[in-house]
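Shown next: start15.cif, given as mmCIF, C-alpha atoms and all ligand atoms.
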data_work
#
loop_
_atom_site.group_PDB
_atom_site.id
_atom_site.type_symbol
_atom_site.label_atom_id
_atom_site.label_comp_id
_atom_site.auth_asym_id
_atom_site.auth_seq_id
_atom_site.Cartn_x
_atom_site.Cartn_y
_atom_site.Cartn_z
ATOM 1 C CA MET A 232 -8.366 33.153 86.415
ATOM 2 C CA ILE A 233 -10.479 35.333 84.106
ATOM 3 C CA VAL A 234 -12.656 37.978 85.784
ATOM 4 C CA GLU A 235 -15.136 39.667 83.455
ATOM 5 C CA VAL A 236 -17.522 42.528 84.280
ATOM 6 C CA ASP A 237 -20.621 42.381 82.098
ATOM 7 C CA LYS A 238 -20.697 45.479 79.880
ATOM 8 C CA GLU A 239 -24.473 45.339 79.490
ATOM 9 C CA SER A 240 -25.248 45.259 83.222
ATOM 10 C CA GLY A 241 -25.805 48.388 85.241
ATOM 11 C CA PHE A 242 -28.054 51.405 85.284
ATOM 12 C CA CYS A 243 -30.849 51.733 82.746
ATOM 13 C CA PRO A 244 -31.424 55.171 81.098
ATOM 14 C CA GLY A 245 -34.217 56.001 83.577
ATOM 15 C CA VAL A 246 -31.937 55.573 86.589
ATOM 16 C CA ILE A 247 -29.021 57.372 84.884
ATOM 17 C CA ASN A 248 -31.333 60.327 84.215
ATOM 18 C CA ALA A 249 -32.583 60.469 87.851
ATOM 19 C CA ILE A 250 -29.081 60.351 89.300
ATOM 20 C CA ARG A 251 -27.819 62.980 86.857
ATOM 21 C CA LYS A 252 -30.697 65.292 87.853
ATOM 22 C CA ALA A 253 -29.910 64.800 91.546
ATOM 23 C CA GLU A 254 -26.202 65.463 91.031
ATOM 24 C CA ASP A 255 -26.893 68.567 88.923
ATOM 25 C CA GLU A 256 -29.158 69.994 91.641
ATOM 26 C CA LEU A 257 -26.593 69.222 94.338
ATOM 27 C CA LYS A 258 -23.993 71.288 92.482
ATOM 28 C CA THR A 259 -26.005 74.419 93.293
ATOM 29 C CA ARG A 260 -27.490 73.575 96.708
ATOM 30 C CA PRO A 261 -26.192 71.718 99.756
ATOM 31 C CA MET A 262 -29.244 69.485 100.194
ATOM 32 C CA LEU A 263 -32.048 68.024 98.107
ATOM 33 C CA TYR A 264 -34.941 65.846 99.253
ATOM 34 C CA CYS A 265 -35.748 62.691 97.298
ATOM 35 C CA LEU A 266 -39.109 60.971 97.718
ATOM 36 C CA GLY A 267 -38.177 57.298 98.242
ATOM 37 C CA ASP A 268 -34.838 55.656 97.470
ATOM 38 C CA ILE A 269 -33.534 57.171 94.239
ATOM 39 C CA VAL A 270 -32.425 53.674 93.226
ATOM 40 C CA HIS A 271 -32.839 50.263 94.908
ATOM 41 C CA ASN A 272 -29.176 50.082 95.762
ATOM 42 C CA GLY A 273 -28.063 50.980 99.289
ATOM 43 C CA GLN A 274 -24.466 51.717 98.292
ATOM 44 C CA GLU A 275 -25.424 54.180 95.567
ATOM 45 C CA VAL A 276 -27.984 55.848 97.860
ATOM 46 C CA LYS A 277 -25.231 56.249 100.469
ATOM 47 C CA ARG A 278 -22.884 57.807 97.898
ATOM 48 C CA LEU A 279 -25.536 60.369 96.927
ATOM 49 C CA GLU A 280 -26.468 61.037 100.564
ATOM 50 C CA GLU A 281 -22.859 62.005 101.145
ATOM 51 C CA GLN A 282 -23.357 64.656 98.454
ATOM 52 C CA GLY A 283 -26.477 66.002 100.223
ATOM 53 C CA LEU A 284 -29.389 63.892 98.977
ATOM 54 C CA LYS A 285 -31.894 63.235 101.764
ATOM 55 C CA THR A 286 -34.347 60.380 101.277
ATOM 56 C CA ILE A 287 -37.836 60.979 102.686
ATOM 57 C CA ASP A 288 -41.130 59.072 102.686
ATOM 58 C CA HIS A 289 -44.661 60.315 101.952
ATOM 59 C CA ALA A 290 -45.339 60.994 105.655
ATOM 60 C CA SER A 291 -42.324 63.335 105.824
ATOM 61 C CA LEU A 292 -43.411 65.051 102.599
ATOM 62 C CA LEU A 293 -46.549 66.212 104.441
ATOM 63 C CA GLN A 294 -44.356 68.194 106.836
ATOM 64 C CA LEU A 295 -42.301 70.008 104.178
ATOM 65 C CA ARG A 296 -42.939 73.555 102.949
ATOM 66 C CA ASP A 297 -41.247 75.769 100.343
ATOM 67 C CA THR A 298 -38.440 73.469 99.319
ATOM 68 C CA LYS A 299 -37.398 71.242 96.420
ATOM 69 C CA VAL A 300 -38.122 67.520 96.162
ATOM 70 C CA LEU A 301 -36.864 65.111 93.516
ATOM 71 C CA LEU A 302 -39.248 62.438 92.221
ATOM 72 C CA ARG A 303 -37.375 59.304 91.183
ATOM 73 C CA ALA A 304 -37.716 57.253 87.985
ATOM 74 C CA HIS A 305 -40.665 55.152 89.273
ATOM 75 C CA GLY A 306 -43.014 58.144 89.110
ATOM 76 C CA GLU A 307 -45.748 59.332 91.443
ATOM 77 C CA PRO A 308 -49.563 59.612 91.388
ATOM 78 C CA PRO A 309 -51.218 62.995 90.643
ATOM 79 C CA SER A 310 -51.935 63.457 94.376
ATOM 80 C CA THR A 311 -48.196 63.925 95.050
ATOM 81 C CA TYR A 312 -48.001 66.783 92.521
ATOM 82 C CA GLU A 313 -51.138 68.364 94.020
ATOM 83 C CA LEU A 314 -49.724 68.149 97.536
ATOM 84 C CA ALA A 315 -46.439 69.670 96.402
ATOM 85 C CA GLN A 316 -48.251 72.582 94.807
ATOM 86 C CA GLN A 317 -50.317 73.244 97.944
ATOM 87 C CA GLN A 318 -47.182 73.279 100.093
ATOM 88 C CA GLY A 319 -45.000 75.424 97.860
ATOM 89 C CA ILE A 320 -42.739 72.479 97.064
ATOM 90 C CA GLU A 321 -40.887 72.643 93.768
ATOM 91 C CA ILE A 322 -40.708 69.256 92.052
ATOM 92 C CA VAL A 323 -37.571 68.079 90.279
ATOM 93 C CA ASP A 324 -39.258 65.466 88.136
ATOM 94 C CA ALA A 325 -36.992 62.545 87.301
ATOM 95 C CA THR A 326 -39.835 60.185 86.364
ATOM 96 C CA CYS A 327 -38.537 57.934 83.596
ATOM 97 C CA PRO A 328 -40.040 58.941 80.205
ATOM 98 C CA VAL A 329 -41.118 55.309 79.682
ATOM 99 C CA VAL A 330 -43.102 55.407 82.936
ATOM 100 C CA LEU A 331 -44.556 58.834 82.086
ATOM 101 C CA GLN A 332 -45.842 57.453 78.783
ATOM 102 C CA LEU A 333 -47.426 54.512 80.578
ATOM 103 C CA GLN A 334 -49.073 56.835 83.121
ATOM 104 C CA LYS A 335 -50.540 58.866 80.248
ATOM 105 C CA LYS A 336 -51.870 55.731 78.504
ATOM 106 C CA VAL A 337 -53.550 54.497 81.676
ATOM 107 C CA ARG A 338 -55.025 57.925 82.367
ATOM 108 C CA ARG A 339 -56.347 58.269 78.811
ATOM 109 C CA MET A 340 -57.962 54.836 79.009
ATOM 110 C CA TYR A 341 -59.557 55.692 82.341
ATOM 111 C CA GLU A 342 -60.959 58.943 80.980
ATOM 112 C CA THR A 343 -62.169 57.626 77.623
ATOM 113 C CA GLU A 344 -63.562 54.268 78.784
ATOM 114 C CA PRO A 345 -65.088 54.810 82.202
ATOM 115 C CA ASP A 346 -66.942 51.465 82.013
ATOM 116 C CA SER A 347 -63.811 49.385 81.428
ATOM 117 C CA GLN A 348 -61.839 47.793 84.235
ATOM 118 C CA ILE A 349 -58.222 48.871 84.186
ATOM 119 C CA VAL A 350 -56.046 46.017 85.351
ATOM 120 C CA ILE A 351 -52.378 46.547 86.186
ATOM 121 C CA TYR A 352 -50.119 43.512 86.240
ATOM 122 C CA GLY A 353 -47.575 44.548 88.870
ATOM 123 C CA LYS A 354 -46.396 44.358 92.432
ATOM 124 C CA HIS A 355 -48.685 45.559 95.205
ATOM 125 C CA GLY A 356 -47.346 48.669 96.889
ATOM 126 C CA HIS A 357 -44.567 49.239 94.348
ATOM 127 C CA ALA A 358 -44.058 52.968 93.747
ATOM 128 C CA GLU A 359 -44.563 52.684 89.982
ATOM 129 C CA VAL A 360 -47.794 50.734 90.474
ATOM 130 C CA ASN A 361 -49.061 53.312 92.993
ATOM 131 C CA GLY A 362 -48.317 56.000 90.418
ATOM 132 C CA LEU A 363 -50.356 54.110 87.795
ATOM 133 C CA VAL A 364 -53.283 53.385 90.101
ATOM 134 C CA GLY A 365 -53.334 57.091 90.961
ATOM 135 C CA GLN A 366 -54.119 57.902 87.310
ATOM 136 C CA THR A 367 -57.473 56.131 87.758
ATOM 137 C CA HIS A 368 -58.571 57.675 91.066
ATOM 138 C CA SER A 369 -57.524 54.399 92.684
ATOM 139 C CA THR A 370 -60.059 52.324 90.721
ATOM 140 C CA ALA A 371 -57.506 50.177 88.831
ATOM 141 C CA ILE A 372 -57.231 46.540 89.879
ATOM 142 C CA VAL A 373 -53.694 45.346 90.676
ATOM 143 C CA ILE A 374 -52.905 41.719 89.884
ATOM 144 C CA GLU A 375 -49.571 40.280 90.923
ATOM 145 C CA ASN A 376 -50.298 36.701 89.844
ATOM 146 C CA GLU A 377 -53.037 34.406 88.589
ATOM 147 C CA SER A 378 -54.329 33.678 92.088
ATOM 148 C CA GLU A 379 -55.775 37.196 92.120
ATOM 149 C CA LEU A 380 -57.815 36.894 88.922
ATOM 150 C CA SER A 381 -61.060 36.644 90.891
ATOM 151 C CA LYS A 382 -60.803 40.411 91.469
ATOM 152 C CA ILE A 383 -61.818 40.895 87.824
ATOM 153 C CA ASP A 384 -65.427 40.922 86.610
ATOM 154 C CA PHE A 385 -65.125 38.945 83.351
ATOM 155 C CA SER A 386 -68.533 40.050 82.128
ATOM 156 C CA ARG A 387 -67.222 43.630 81.743
ATOM 157 C CA PRO A 388 -64.499 45.052 79.459
ATOM 158 C CA VAL A 389 -60.931 44.592 80.681
ATOM 159 C CA ARG A 390 -57.927 46.735 79.703
ATOM 160 C CA LEU A 391 -54.709 45.100 80.866
ATOM 161 C CA PHE A 392 -51.442 47.033 81.355
ATOM 162 C CA SER A 393 -48.173 45.982 82.936
ATOM 163 C CA GLN A 394 -45.717 47.536 85.339
ATOM 164 C CA THR A 395 -42.586 48.202 83.253
ATOM 165 C CA THR A 396 -40.345 45.686 85.014
ATOM 166 C CA MET A 397 -42.531 42.560 84.942
ATOM 167 C CA SER A 398 -41.711 39.385 83.020
ATOM 168 C CA VAL A 399 -42.858 39.349 79.370
ATOM 169 C CA ASP A 400 -43.598 35.602 79.523
ATOM 170 C CA ASN A 401 -45.735 35.962 82.634
ATOM 171 C CA PHE A 402 -47.603 38.902 81.095
ATOM 172 C CA ARG A 403 -48.418 36.804 78.020
ATOM 173 C CA GLN A 404 -49.565 33.931 80.207
ATOM 174 C CA LEU A 405 -51.751 36.238 82.285
ATOM 175 C CA SER A 406 -53.258 37.758 79.116
ATOM 176 C CA LEU A 407 -54.166 34.244 77.912
ATOM 177 C CA SER A 408 -55.692 33.271 81.247
ATOM 178 C CA ILE A 409 -57.834 36.408 81.335
ATOM 179 C CA GLY A 410 -58.813 35.902 77.685
ATOM 180 C CA GLN A 411 -60.042 32.384 78.426
ATOM 181 C CA ARG A 412 -62.270 33.632 81.234
ATOM 182 C CA MET A 413 -63.874 36.562 79.398
ATOM 183 C CA LYS A 414 -67.644 36.193 78.981
ATOM 184 C CA ASP A 415 -69.405 36.613 75.610
ATOM 185 C CA GLY A 416 -69.636 40.234 74.562
ATOM 186 C CA ALA A 417 -67.043 41.530 77.025
ATOM 187 C CA THR A 418 -63.813 42.686 75.400
ATOM 188 C CA LEU A 419 -60.217 42.319 76.518
ATOM 189 C CA GLN A 420 -57.436 44.607 75.302
ATOM 190 C CA THR A 421 -53.878 43.974 76.440
ATOM 191 C CA PHE A 422 -51.065 46.516 76.332
ATOM 192 C CA ASP A 423 -47.583 45.096 76.702
ATOM 193 C CA THR A 424 -46.006 48.063 78.476
ATOM 194 C CA ILE A 425 -42.940 46.200 79.722
ATOM 195 C CA CYS A 426 -39.695 48.144 79.380
ATOM 196 C CA ARG A 427 -37.306 46.393 77.028
ATOM 197 C CA GLN A 428 -34.345 47.808 78.958
ATOM 198 C CA VAL A 429 -35.083 45.045 81.439
ATOM 199 C CA ALA A 430 -36.651 42.366 79.255
ATOM 200 C CA ASN A 431 -33.870 42.464 76.635
ATOM 201 C CA ARG A 432 -31.257 41.803 79.271
ATOM 202 C CA ILE A 433 -32.611 38.347 80.035
ATOM 203 C CA PRO A 434 -31.271 36.457 76.970
ATOM 204 C CA HIS A 435 -27.947 38.261 77.305
ATOM 205 C CA MET A 436 -27.767 37.450 81.019
ATOM 206 C CA ARG A 437 -28.399 33.754 80.277
ATOM 207 C CA GLU A 438 -25.565 33.702 77.784
ATOM 208 C CA PHE A 439 -23.194 35.597 80.109
ATOM 209 C CA ALA A 440 -23.965 33.420 83.141
ATOM 210 C CA SER A 441 -23.525 30.167 81.222
ATOM 211 C CA ARG A 442 -20.155 31.337 79.846
ATOM 212 C CA HIS A 443 -18.511 31.545 83.304
ATOM 213 C CA ASP A 444 -17.759 28.977 86.005
ATOM 214 C CA ALA A 445 -19.062 31.248 88.777
ATOM 215 C CA ILE A 446 -21.239 34.378 88.783
ATOM 216 C CA LEU A 447 -21.286 37.190 91.315
ATOM 217 C CA PHE A 448 -24.510 39.089 90.823
ATOM 218 C CA VAL A 449 -24.239 42.546 92.390
ATOM 219 C CA SER A 450 -27.553 44.051 93.455
ATOM 220 C CA GLY A 451 -29.369 45.773 96.307
ATOM 221 C CA LYS A 452 -31.673 43.510 98.301
ATOM 222 C CA LYS A 453 -34.739 45.688 97.560
ATOM 223 C CA SER A 454 -34.364 45.568 93.769
ATOM 224 C CA SER A 455 -37.137 43.475 92.191
ATOM 225 C CA ASN A 456 -35.354 43.660 88.850
ATOM 226 C CA GLY A 457 -32.247 42.394 90.681
ATOM 227 C CA LYS A 458 -34.124 39.414 92.089
ATOM 228 C CA ALA A 459 -35.506 38.512 88.661
ATOM 229 C CA LEU A 460 -32.175 38.805 86.840
ATOM 230 C CA PHE A 461 -30.364 36.884 89.559
ATOM 231 C CA GLU A 462 -32.854 34.027 89.131
ATOM 232 C CA VAL A 463 -32.066 34.055 85.398
ATOM 233 C CA CYS A 464 -28.356 33.628 86.219
ATOM 234 C CA ARG A 465 -29.049 30.879 88.717
ATOM 235 C CA SER A 466 -31.276 28.990 86.289
ATOM 236 C CA VAL A 467 -28.346 28.496 83.906
ATOM 237 C CA ASN A 468 -25.457 28.548 86.381
ATOM 238 C CA PRO A 469 -25.941 27.025 89.857
ATOM 239 C CA HIS A 470 -22.707 28.694 90.980
ATOM 240 C CA SER A 471 -24.367 32.126 90.989
ATOM 241 C CA TYR A 472 -24.217 34.256 94.130
ATOM 242 C CA GLN A 473 -25.938 37.537 94.916
ATOM 243 C CA VAL A 474 -23.828 40.149 96.711
ATOM 244 C CA SER A 475 -25.040 43.568 97.832
ATOM 245 C CA SER A 476 -21.704 44.880 99.142
ATOM 246 C CA LEU A 477 -18.045 43.906 99.339
ATOM 247 C CA GLU A 478 -18.701 42.302 102.750
ATOM 248 C CA ASP A 479 -20.861 39.661 101.049
ATOM 249 C CA VAL A 480 -18.024 38.512 98.774
ATOM 250 C CA ASP A 481 -16.631 35.134 99.847
ATOM 251 C CA PRO A 482 -13.725 33.402 98.029
ATOM 252 C CA SER A 483 -15.515 30.041 98.380
ATOM 253 C CA PHE A 484 -17.931 31.334 95.700
ATOM 254 C CA TRP A 485 -15.308 30.834 92.969
ATOM 255 C CA GLU A 486 -13.310 27.939 94.409
ATOM 256 C CA GLY A 487 -11.828 25.902 91.543
ATOM 257 C CA ALA A 488 -13.267 28.286 88.914
ATOM 258 C CA GLN A 489 -11.317 29.275 85.799
ATOM 259 C CA SER A 490 -13.568 32.231 85.075
ATOM 260 C CA VAL A 491 -15.780 34.506 87.163
ATOM 261 C CA GLY A 492 -18.469 36.753 85.693
ATOM 262 C CA ILE A 493 -19.587 39.899 87.523
ATOM 263 C CA CYS A 494 -22.968 41.300 86.547
ATOM 264 C CA GLY A 495 -25.881 43.181 88.081
ATOM 265 C CA ALA A 496 -29.314 44.764 87.843
ATOM 266 C CA THR A 497 -30.577 47.974 86.218
ATOM 267 C CA SER A 498 -30.098 49.560 89.649
ATOM 268 C CA THR A 499 -26.469 48.458 90.081
ATOM 269 C CA PRO A 500 -23.801 51.130 89.533
ATOM 270 C CA ARG A 501 -20.842 50.170 87.379
ATOM 271 C CA TRP A 502 -18.414 51.355 90.074
ATOM 272 C CA GLN A 503 -19.832 48.720 92.430
ATOM 273 C CA MET A 504 -19.340 45.884 89.927
ATOM 274 C CA ASP A 505 -15.788 47.136 89.275
ATOM 275 C CA GLN A 506 -15.086 47.141 93.030
ATOM 276 C CA VAL A 507 -16.283 43.540 93.328
ATOM 277 C CA ALA A 508 -14.112 42.569 90.332
ATOM 278 C CA ASP A 509 -11.059 44.219 91.922
ATOM 279 C CA LEU A 510 -11.709 42.379 95.165
ATOM 280 C CA VAL A 511 -12.007 39.017 93.394
ATOM 281 C CA LYS A 512 -8.758 39.715 91.528
ATOM 282 C CA SER A 513 -6.998 40.725 94.767
ATOM 283 C CA PHE A 514 -7.717 37.285 96.280
ATOM 284 C CA ASN A 515 -6.044 35.617 93.321
ATOM 285 C CA ARG A 516 -2.812 37.598 93.099
HETATM 286 S S1 LIG B 601 -36.329 49.978 83.690
HETATM 287 FE FE1 LIG B 601 -37.092 51.072 81.890
HETATM 288 S S2 LIG B 601 -38.946 52.089 82.637
HETATM 289 FE FE2 LIG B 601 -37.788 51.497 84.450
HETATM 290 S S3 LIG B 601 -36.558 53.299 84.921
HETATM 291 FE FE3 LIG B 601 -35.306 51.960 83.626
HETATM 292 S S4 LIG B 601 -35.615 52.716 81.540
HETATM 293 FE FE4 LIG B 601 -37.253 53.538 82.815
#
What is this structure when it is put down as structure tokens?
Amino acid sequence: MIVEVDKESGFCPGVINAIRKAEDELKTRPMLYCLGDIVHNGQEVKRLEEQGLKTIDHASLLQLRDTKVLLRAHGEPPSTYELAQQQGIEIVDATCPVVLQLQKKVRRMYETEPDSQIVIYGKHGHAEVNGLVGQTHSTAIVIENESELSKIDFSRPVRLFSQTTMSVDNFRQLSLSIGQRMKDGATLQTFDTICRQVANRIPHMREFASRHDAILFVSGKKSSNGKALFEVCRSVNPHSYQVSSLEDVDPSFWEGAQSVGICGATSTPRWQMDQVADLVKSFNR
């Protein structure tokens, strides 16, 4: 039986950069705080925790003084930087450059067009979205799907941005729906700020998943990118299974298969996909 690990799956540059920064810091100090999970993958978080990374939430950040805290790739609102400064906390900023650019764009729009409504297509409560909303003093409107369009005043200008990991097709559809509702004289500008690291994987993932009899998609349960890419696999190959650790791997997944494809999300480490591949192979020796 052929077992193939997808070469294009695995960490995106933003996640690679954040993990490298954490590992570099941990070479010179025994412990480093990280605000939120450094990556939506429990196994990789555990590996880094064994090296001294300590994941904290915003409530715990309030208690810290005179230490170092790493900000992960998703980015943070300005209030987090202000708080850190007040409390003598040194920031190790691992915000992805793509997210930083988007934050700057949103901030510039907010400052130069105070009468426009800034709309963010993204997931409520997601760290990246919170970081974007923070650029607008919390005035931006977050829309996760079309059912929330009533939050927008269509008689006023609308400036639409997207969280970096949303679907390009859905963004286009949302842009059209907003455009159709705009009242005379009110302008709509849309900014496709979706990261192609994610979007470009979709056609490849379709091809990879359709090429194998069974697919094991390796991803943490909290990864939204993982959920989306897994659905892509399942849409072309019904024998697709999501596994978040070796314990989830079940030989019935590839019963009768001649080939098994192993792939994952932008938050899935290569070592984890290799481990799953080795396990699959071990059942077939
Ligand atoms: S998906 Fe894109 S924007 Fe998000 S962390 Fe990775 S490279 Fe950066």
Given the PyMOL selection byres (((chain A and resi 420-435) around 7) and not hetatm) and the file above, list the residues it selects as a JSON list (two decimals) with C-alpha atoms, in the frame of the given file.
[["chain", "number", "residue", "atom", "x", "y", "z"],
["A", 243, "CYS", "CA", -30.85, 51.73, 82.75],
["A", 333, "LEU", "CA", -47.43, 54.51, 80.58],
["A", 389, "VAL", "CA", -60.93, 44.59, 80.68],
["A", 390, "ARG", "CA", -57.93, 46.74, 79.70],
["A", 391, "LEU", "CA", -54.71, 45.10, 80.87],
["A", 392, "PHE", "CA", -51.44, 47.03, 81.36],
["A", 393, "SER", "CA", -48.17, 45.98, 82.94],
["A", 394, "GLN", "CA", -45.72, 47.54, 85.34],
["A", 395, "THR", "CA", -42.59, 48.20, 83.25],
["A", 396, "THR", "CA", -40.34, 45.69, 85.01],
["A", 397, "MET", "CA", -42.53, 42.56, 84.94],
["A", 398, "SER", "CA", -41.71, 39.38, 83.02],
["A", 399, "VAL", "CA", -42.86, 39.35, 79.37],
["A", 406, "SER", "CA", -53.26, 37.76, 79.12],
["A", 418, "THR", "CA", -63.81, 42.69, 75.40],
["A", 419, "LEU", "CA", -60.22, 42.32, 76.52],
["A", 436, "MET", "CA", -27.77, 37.45, 81.02],
["A", 437, "ARG", "CA", -28.40, 33.75, 80.28],
["A", 438, "GLU", "CA", -25.56, 33.70, 77.78],
["A", 439, "PHE", "CA", -23.19, 35.60, 80.11],
["A", 460, "LEU", "CA", -32.17, 38.80, 86.84],
["A", 463, "VAL", "CA", -32.07, 34.06, 85.40]]
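Of the residues under consideration (A:Gln506, A:His443, A:Gly353, A:Leu292), A:Gly353 shows the shortest atom-to-atom contact distance to Asn401 (chain A) when counting all atoms listed in the file.
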Just give me the gap between CA of Ala358 (chain A) and CA of Asp324 (chain A) in Å, one decimal is fine.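 Value for the CA of Ala358 (chain A)-CA of Asp324 (chain A) distance: 14.5 Å.
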Residues in the PyMOL selection byres (((chain A and resi 239) around 9) and not hetatm), expressed as a list in words: Val236, Asp237, Lys238, Ser240, Gly241, Arg432, His435, Met436, Cys494 and Gly495 of chain A
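Shortest separation to Trp502 (chain A) among A:Pro261, A:Thr326, A:Asn456, A:Ser476 occurs at residue A:Ser476, atoms counted being only C-alpha atoms.
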Hey, can you check how far CA of Ala440 (chain A) sits from CA of Glu235 (chain A)?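 Interatomic distance here is 10.8 Å.
Minimum distance to Met340 (chain A) across A:Ser291, A:Ala249, A:Ala371, A:Ala496 (counting all atoms listed in the file) occurs at A:Ala371.
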For a test of reading the model, state the distance in Å between CA of Leu331 (chain A) and CA of Thr286 (chain A), rounded to one decimal.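 The value is 21.8 Å.
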Residues matched by the PyMOL selection byres (((chain A and resi 244) around 10) and not hetatm), written as a short mmCIF file (atom, residue, chain, number, x, y, z; two decimals) with C-alpha atoms, in the coordinates of the input:
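Saved file expr-v7.cif follows:
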data_model
loop_
_atom_site.label_atom_id
_atom_site.label_comp_id
_atom_site.auth_asym_id
_atom_site.auth_seq_id
_atom_site.Cartn_x
_atom_site.Cartn_y
_atom_site.Cartn_z
CA GLY A 241 -25.80 48.39 85.24
CA PHE A 242 -28.05 51.40 85.28
CA CYS A 243 -30.85 51.73 82.75
CA GLY A 245 -34.22 56.00 83.58
CA VAL A 246 -31.94 55.57 86.59
CA ILE A 247 -29.02 57.37 84.88
CA ASN A 248 -31.33 60.33 84.22
CA ALA A 249 -32.58 60.47 87.85
CA ILE A 250 -29.08 60.35 89.30
CA ALA A 304 -37.72 57.25 87.98
CA CYS A 327 -38.54 57.93 83.60
CA PRO A 328 -40.04 58.94 80.20
CA VAL A 329 -41.12 55.31 79.68
CA GLN A 428 -34.34 47.81 78.96
CA THR A 497 -30.58 47.97 86.22
#
For Ser450 (chain A), which residue out of A:Pro482, A:Gly273, A:Pro308, A:Gly362 is the nearest one, using all atoms listed in the file? A:Gly273
Measuring atom to atom with only C-alpha atoms and all ligand atoms, identify which of A:Val491, A:Ala325, A:Leu284, A:Val364 is nearest to ligand LIG 601 (chain B). A:Ala325
Taking all atoms of ligand LIG 601 (chain B) that appear in the file, build a box with edges along x, y and z, extend it by 3 Å on every side, and state its centre and edge lengths in Å to one decimal, as lines of an AutoDock Vina configuration file.
center_x = -37.1
center_y = 51.8
center_z = 83.2
size_x = 9.6
size_y = 9.6
size_z = 9.4
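Near (-64.4, 34.4, 82.0), the residues that fall inside 10 Å on the basis of all atoms listed in the file are Leu380, Ser381, Ile383, Asp384, Phe385, Ser386, Arg387, Ser408, Ile409, Gly410, Gln411, Arg412, Met413, Lys414, Asp415 and Ala417 of chain A.
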Output C-alpha atoms for every residue in the selection just made, as a short mmCIF file (atom, residue, chain, number, x, y, z; two decimals), in the frame of the given file.
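Ended up saving to out28.cif:
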data_model
loop_
_atom_site.label_atom_id
_atom_site.label_comp_id
_atom_site.auth_asym_id
_atom_site.auth_seq_id
_atom_site.Cartn_x
_atom_site.Cartn_y
_atom_site.Cartn_z
CA LEU A 380 -57.82 36.89 88.92
CA SER A 381 -61.06 36.64 90.89
CA ILE A 383 -61.82 40.90 87.82
CA ASP A 384 -65.43 40.92 86.61
CA PHE A 385 -65.12 38.94 83.35
CA SER A 386 -68.53 40.05 82.13
CA ARG A 387 -67.22 43.63 81.74
CA SER A 408 -55.69 33.27 81.25
CA ILE A 409 -57.83 36.41 81.33
CA GLY A 410 -58.81 35.90 77.68
CA GLN A 411 -60.04 32.38 78.43
CA ARG A 412 -62.27 33.63 81.23
CA MET A 413 -63.87 36.56 79.40
CA LYS A 414 -67.64 36.19 78.98
CA ASP A 415 -69.40 36.61 75.61
CA ALA A 417 -67.04 41.53 77.03
#
Calculated over only C-alpha atoms, which of the candidates A:Lys299, A:His470, A:His271, A:Arg278 has the smallest distance to Arg442 (chain A)?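 Closest residue, counting only C-alpha atoms: A:His470.
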Pick out the residues sitting within 9 Å of Asn361 (chain A), and hand them over as a ChimeraX atom specification; count all atoms listed in the file, and ignore anything fewer than 5 positions along from it in its own chain. /A:306-308,355-356,366,369
I want to know what sits within 9 Å of Gln318 (chain A), based on only C-alpha atoms, with residues of the same chain fewer than 5 positions away left out; could you give that as a list in words? Leu293, Gln294, Leu295, Arg296, Asp297, Thr298 and Glu313 of chain A
Residues near Thr370 (chain A), anyone? I mean within 12 Å using all atoms listed in the file, not counting same-chain ones fewer than 6 positions away, as JSON, numbers by chain. {"A": [337, 338, 341, 342, 345, 346, 347, 348, 349, 350, 351, 361, 363, 364, 382, 383]}
Take region 290-300 of chain A from the preceding structure and save N, CA and C atoms as a CSV table (one decimal), in the first residue's frame.
chain,number,residue,atom,x,y,z
A,290,ALA,N,-6.5,37.4,31.0
A,290,ALA,CA,-6.7,37.6,32.4
A,290,ALA,C,-5.3,37.4,33.2
A,291,SER,N,-4.6,36.4,32.8
A,291,SER,CA,-3.3,36.2,33.5
A,291,SER,C,-2.3,37.3,33.1
A,292,LEU,N,-2.4,37.8,31.9
A,292,LEU,CA,-1.5,38.9,31.5
A,292,LEU,C,-1.6,40.1,32.5
A,293,LEU,N,-2.8,40.3,33.0
A,293,LEU,CA,-3.0,41.5,33.9
A,293,LEU,C,-2.2,41.3,35.2
A,294,GLN,N,-1.9,40.1,35.5
A,294,GLN,CA,-1.1,39.8,36.8
A,294,GLN,C,0.4,39.9,36.6
A,295,LEU,N,0.9,39.9,35.4
A,295,LEU,CA,2.3,39.8,35.2
A,295,LEU,C,3.0,41.2,35.3
A,296,ARG,N,4.2,41.2,35.7
A,296,ARG,CA,5.0,42.4,35.8
A,296,ARG,C,6.5,42.0,35.4
A,297,ASP,N,7.1,42.9,34.7
A,297,ASP,CA,8.6,42.8,34.4
A,297,ASP,C,9.0,41.4,33.9
A,298,THR,N,8.4,41.0,32.8
A,298,THR,CA,8.8,39.7,32.2
A,298,THR,C,8.7,39.9,30.7
A,299,LYS,N,8.8,38.7,30.0
A,299,LYS,CA,8.7,38.7,28.6
A,299,LYS,C,7.5,37.9,28.1
A,300,VAL,N,6.8,38.4,27.2
A,300,VAL,CA,5.6,37.7,26.7
A,300,VAL,C,5.7,37.6,25.1
